[in-house]
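Let me begin by presenting the structure, written as structure tokens, before commenting on it.
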Amino acid sequence: MSMGWRDRAFPWRRLRKLGILGMNERNADFVLPYNPRALYQLVDDKRKTKTLAIEHGIPVPPLYAVVEIEHQIEELSRLLAPHGEFVVKPAHGSGGEGILVVESRADGRYRRSSGLIMTEEDLGHHISNILSGMYSLGGIPDCALIEYRVNFDPVLAELSYLGVPDIRIVVFRGVPVMAMIRAPTRLSDGKANLHQGAVGVGVDMSTGQTYNGVWRECRIEEHPDTGGELAGVQIPRWDDILAMAARCHDMVGMGYIGVDIVLDRDRGPLMLELNARPGLSIQLATRSGLLPCLWQIQALGDIPGEVAARVALAKALGG
Ligand SMILES: Nc1ncnc2c1ncn2[C@@H]1O[C@H](COP(=O)(O)OP(=O)(O)O)[C@@H](O)[C@H]1O
Ligand SMILES: [Mg+2]
């Protein structure tokens, strides 16, 4: 593609030629028209999303307990007694904020993914912060979910550093359109959110193979901590993962969503959460713009109802 003086003078012209979706356009052309306001509550509250998923037969990390009021913090040791490892997260959190991944416990102390040790008092304090709304949108009071800690599938070992990589898939009108793996790093403290310092790795839609990576907006070939090659990893059960993403659309009825899926060693693909305003940096990881694919799907009159047909469509369009 040639770059004339107009493209140099107006970078957005160049981005548009590459089909890069920008923030304003995402909101005006996709989020607003395709995601009815009344449905946001289904995805903004992780507890609701989980309940809905269970009703729809979509596997999720099991919920161990919910802490809703300060008073329950006193019972924390009883609540956590049956679980050697678990994750604490704000029900209304986003961007990995406020999530604690606890991987073991000894002598009443908790060891986090990062190796950091917490006392029960520290943990109680953290939960109290969650309840006060420290991590929720608009600072409204929240509740804390305590759930099963995912153990990543060993296939993804090269992509994991002290945490679980997640697979982010953008789904438009029920058709998966773009995917990346987000790999935790030392910086991201066991979480796979890009602005926490995770690596984004593009995934080929038709095969489920990874191809290249981006970290803090720079291209990279190897995981910064494990040194593992980012490209050429075959994600197992790729068709099942695409089908799961497509079914998440049917479950909430929103036309433009980001689906977060993790691959558990024992339980297979699990849906972590849905996002009604999925981020745009997936385009950095895949080095391709969302717009061409979105326009193609917009141009389709009818979208097939059957999940398998939409998976086939996703693989054909993304190939
Ligand atoms: N149950 C879990 N087990 C292990 N890691 C988890 C678990 N839940 C979340 N994480 C880590 O935290 C990241 C963010 O979790 P997510 O539920 O998507 O919340 P957010 O809305 O903050 O993105 C995940 O990508 C994953 O790396
Ligand atoms: Mg997420």
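So you can find residues: chains in the structure tokens are A, B, ... in the order shown, residues in each start at 1, and ligands are numbered from 1 in order.
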Contacts with ligand 2 at most 8 Å, only C-alpha atoms and all ligand atoms counted, listed as a ChimeraX atom specification: /A:94-96,192-193,260,272-275
All strand (DSSP E or B) positions in stretch 102-247 of chain A, as a PyMOL selection string: chain A and resi 102-106+109-112+117-119+144-147+152+166-172+175-183+199-203+209-215+218-220+222+229+234
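Residues of stretch 66-137 of chain A that DSSP, applied to the backbone, places in alpha helix (DSSP H): Leu76, Ser77, Arg78, Leu79, Leu80, Glu120, Glu121, Asp122, Leu123, Gly124, His125, His126, Ile127, Ser128, Asn129, Ile130 and Leu131 of chain A.
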Within 8 Å of A:Cys143, counting only C-alpha atoms, which residues qualify if same-chain residues fewer than 5 places away don't, as an mmCIF file with all heavy atoms, in the first residue's frame?
```
data_model
loop_
_atom_site.group_PDB
_atom_site.id
_atom_site.type_symbol
_atom_site.label_atom_id
_atom_site.label_comp_id
_atom_site.auth_asym_id
_atom_site.auth_seq_id
_atom_site.Cartn_x
_atom_site.Cartn_y
_atom_site.Cartn_z
ATOM 1 N N VAL A 66 -19.739 -15.939 47.654
ATOM 2 C CA VAL A 66 -19.874 -14.514 47.343
ATOM 3 C C VAL A 66 -19.847 -13.754 48.663
ATOM 4 O O VAL A 66 -20.567 -14.116 49.591
ATOM 5 C CB VAL A 66 -21.204 -14.219 46.608
ATOM 6 C CG1 VAL A 66 -21.308 -12.741 46.262
ATOM 7 C CG2 VAL A 66 -21.341 -15.074 45.362
ATOM 8 N N VAL A 67 -18.995 -12.748 48.751
ATOM 9 C CA VAL A 67 -18.984 -11.910 49.953
ATOM 10 C C VAL A 67 -19.715 -10.620 49.602
ATOM 11 O O VAL A 67 -19.305 -9.886 48.701
ATOM 12 C CB VAL A 67 -17.542 -11.596 50.410
ATOM 13 C CG1 VAL A 67 -17.550 -10.744 51.670
ATOM 14 C CG2 VAL A 67 -16.761 -12.883 50.644
ATOM 15 N N GLU A 68 -20.837 -10.401 50.299
ATOM 16 C CA GLU A 68 -21.668 -9.246 49.959
ATOM 17 C C GLU A 68 -21.612 -8.146 51.006
ATOM 18 O O GLU A 68 -21.817 -6.978 50.683
ATOM 19 C CB GLU A 68 -23.128 -9.688 49.791
ATOM 20 C CG GLU A 68 -23.339 -10.525 48.554
ATOM 21 C CD GLU A 68 -24.739 -11.101 48.496
ATOM 22 O OE1 GLU A 68 -25.083 -11.887 49.404
ATOM 23 O OE2 GLU A 68 -25.485 -10.749 47.569
ATOM 24 N N ILE A 69 -21.397 -8.527 52.253
ATOM 25 C CA ILE A 69 -21.368 -7.524 53.322
ATOM 26 C C ILE A 69 -20.117 -7.696 54.188
ATOM 27 O O ILE A 69 -19.602 -8.801 54.355
ATOM 28 C CB ILE A 69 -22.641 -7.578 54.223
ATOM 29 C CG1 ILE A 69 -22.926 -9.036 54.631
ATOM 30 C CG2 ILE A 69 -23.846 -6.968 53.531
ATOM 31 C CD1 ILE A 69 -23.943 -9.182 55.719
ATOM 32 N N PRO A 90 -13.670 -8.707 41.961
ATOM 33 C CA PRO A 90 -14.846 -7.849 42.102
ATOM 34 C C PRO A 90 -15.874 -8.213 41.030
ATOM 35 O O PRO A 90 -15.510 -8.374 39.865
ATOM 36 C CB PRO A 90 -14.291 -6.441 41.849
ATOM 37 C CG PRO A 90 -12.974 -6.624 41.166
ATOM 38 C CD PRO A 90 -12.485 -7.989 41.466
ATOM 39 N N ALA A 91 -17.157 -8.349 41.418
ATOM 40 C CA ALA A 91 -18.193 -8.735 40.452
ATOM 41 C C ALA A 91 -18.322 -7.704 39.337
ATOM 42 O O ALA A 91 -18.629 -8.040 38.202
ATOM 43 C CB ALA A 91 -19.526 -8.909 41.164
ATOM 44 N N HIS A 92 -18.061 -6.435 39.656
ATOM 45 C CA HIS A 92 -18.176 -5.379 38.647
ATOM 46 C C HIS A 92 -16.822 -4.845 38.197
ATOM 47 O O HIS A 92 -16.719 -3.696 37.765
ATOM 48 C CB HIS A 92 -19.024 -4.218 39.179
ATOM 49 C CG HIS A 92 -20.489 -4.537 39.254
ATOM 50 N ND1 HIS A 92 -21.050 -5.181 40.339
ATOM 51 C CD2 HIS A 92 -21.493 -4.333 38.373
ATOM 52 C CE1 HIS A 92 -22.346 -5.341 40.118
ATOM 53 N NE2 HIS A 92 -22.637 -4.841 38.940
ATOM 54 N N ILE A 130 -12.946 -4.184 47.852
ATOM 55 C CA ILE A 130 -13.844 -4.557 46.749
ATOM 56 C C ILE A 130 -15.275 -4.139 47.096
ATOM 57 O O ILE A 130 -15.959 -3.508 46.293
ATOM 58 C CB ILE A 130 -13.793 -6.082 46.470
ATOM 59 C CG1 ILE A 130 -12.431 -6.484 45.872
ATOM 60 C CG2 ILE A 130 -14.930 -6.504 45.531
ATOM 61 C CD1 ILE A 130 -12.268 -7.973 45.595
ATOM 62 N N LEU A 131 -15.702 -4.474 48.335
ATOM 63 C CA LEU A 131 -17.077 -4.160 48.743
ATOM 64 C C LEU A 131 -17.349 -2.654 48.690
ATOM 65 O O LEU A 131 -18.439 -2.220 48.335
ATOM 66 C CB LEU A 131 -17.359 -4.674 50.167
ATOM 67 C CG LEU A 131 -17.241 -6.184 50.399
ATOM 68 C CD1 LEU A 131 -17.711 -6.540 51.803
ATOM 69 C CD2 LEU A 131 -18.051 -6.963 49.374
#
```
Test item: residues at most 9 Å from A:Leu18, only C-alpha atoms, excluding those fewer than 5 positions along its chain, as a list in words: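 That gives Arg13, Ser288, Gly289, Leu291 and Pro292 of chain A.
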Go ahead and save the picked residues with N, CA and C atoms, as a PDB file, in the first residue's frame.
```pdb
ATOM      1  N   ARG A  13      -6.161   8.677   8.138  1.00  0.00           N
ATOM      2  CA  ARG A  13      -6.447   8.208   6.774  1.00  0.00           C
ATOM      3  C   ARG A  13      -5.780   6.868   6.523  1.00  0.00           C
ATOM      4  N   SER A 288      -4.065  -6.546  12.207  1.00  0.00           N
ATOM      5  CA  SER A 288      -5.057  -6.339  11.151  1.00  0.00           C
ATOM      6  C   SER A 288      -6.245  -5.583  11.731  1.00  0.00           C
ATOM      7  N   GLY A 289      -6.932  -4.889  10.848  1.00  0.00           N
ATOM      8  CA  GLY A 289      -8.061  -4.074  11.280  1.00  0.00           C
ATOM      9  C   GLY A 289      -9.327  -4.902  11.398  1.00  0.00           C
ATOM     10  N   LEU A 291     -12.361  -3.615  10.818  1.00  0.00           N
ATOM     11  CA  LEU A 291     -13.429  -3.133   9.946  1.00  0.00           C
ATOM     12  C   LEU A 291     -13.772  -4.023   8.743  1.00  0.00           C
ATOM     13  N   PRO A 292     -12.783  -4.511   7.982  1.00  0.00           N
ATOM     14  CA  PRO A 292     -13.160  -5.308   6.810  1.00  0.00           C
ATOM     15  C   PRO A 292     -14.077  -6.476   7.167  1.00  0.00           C
TER      16      PRO A 292
END
```
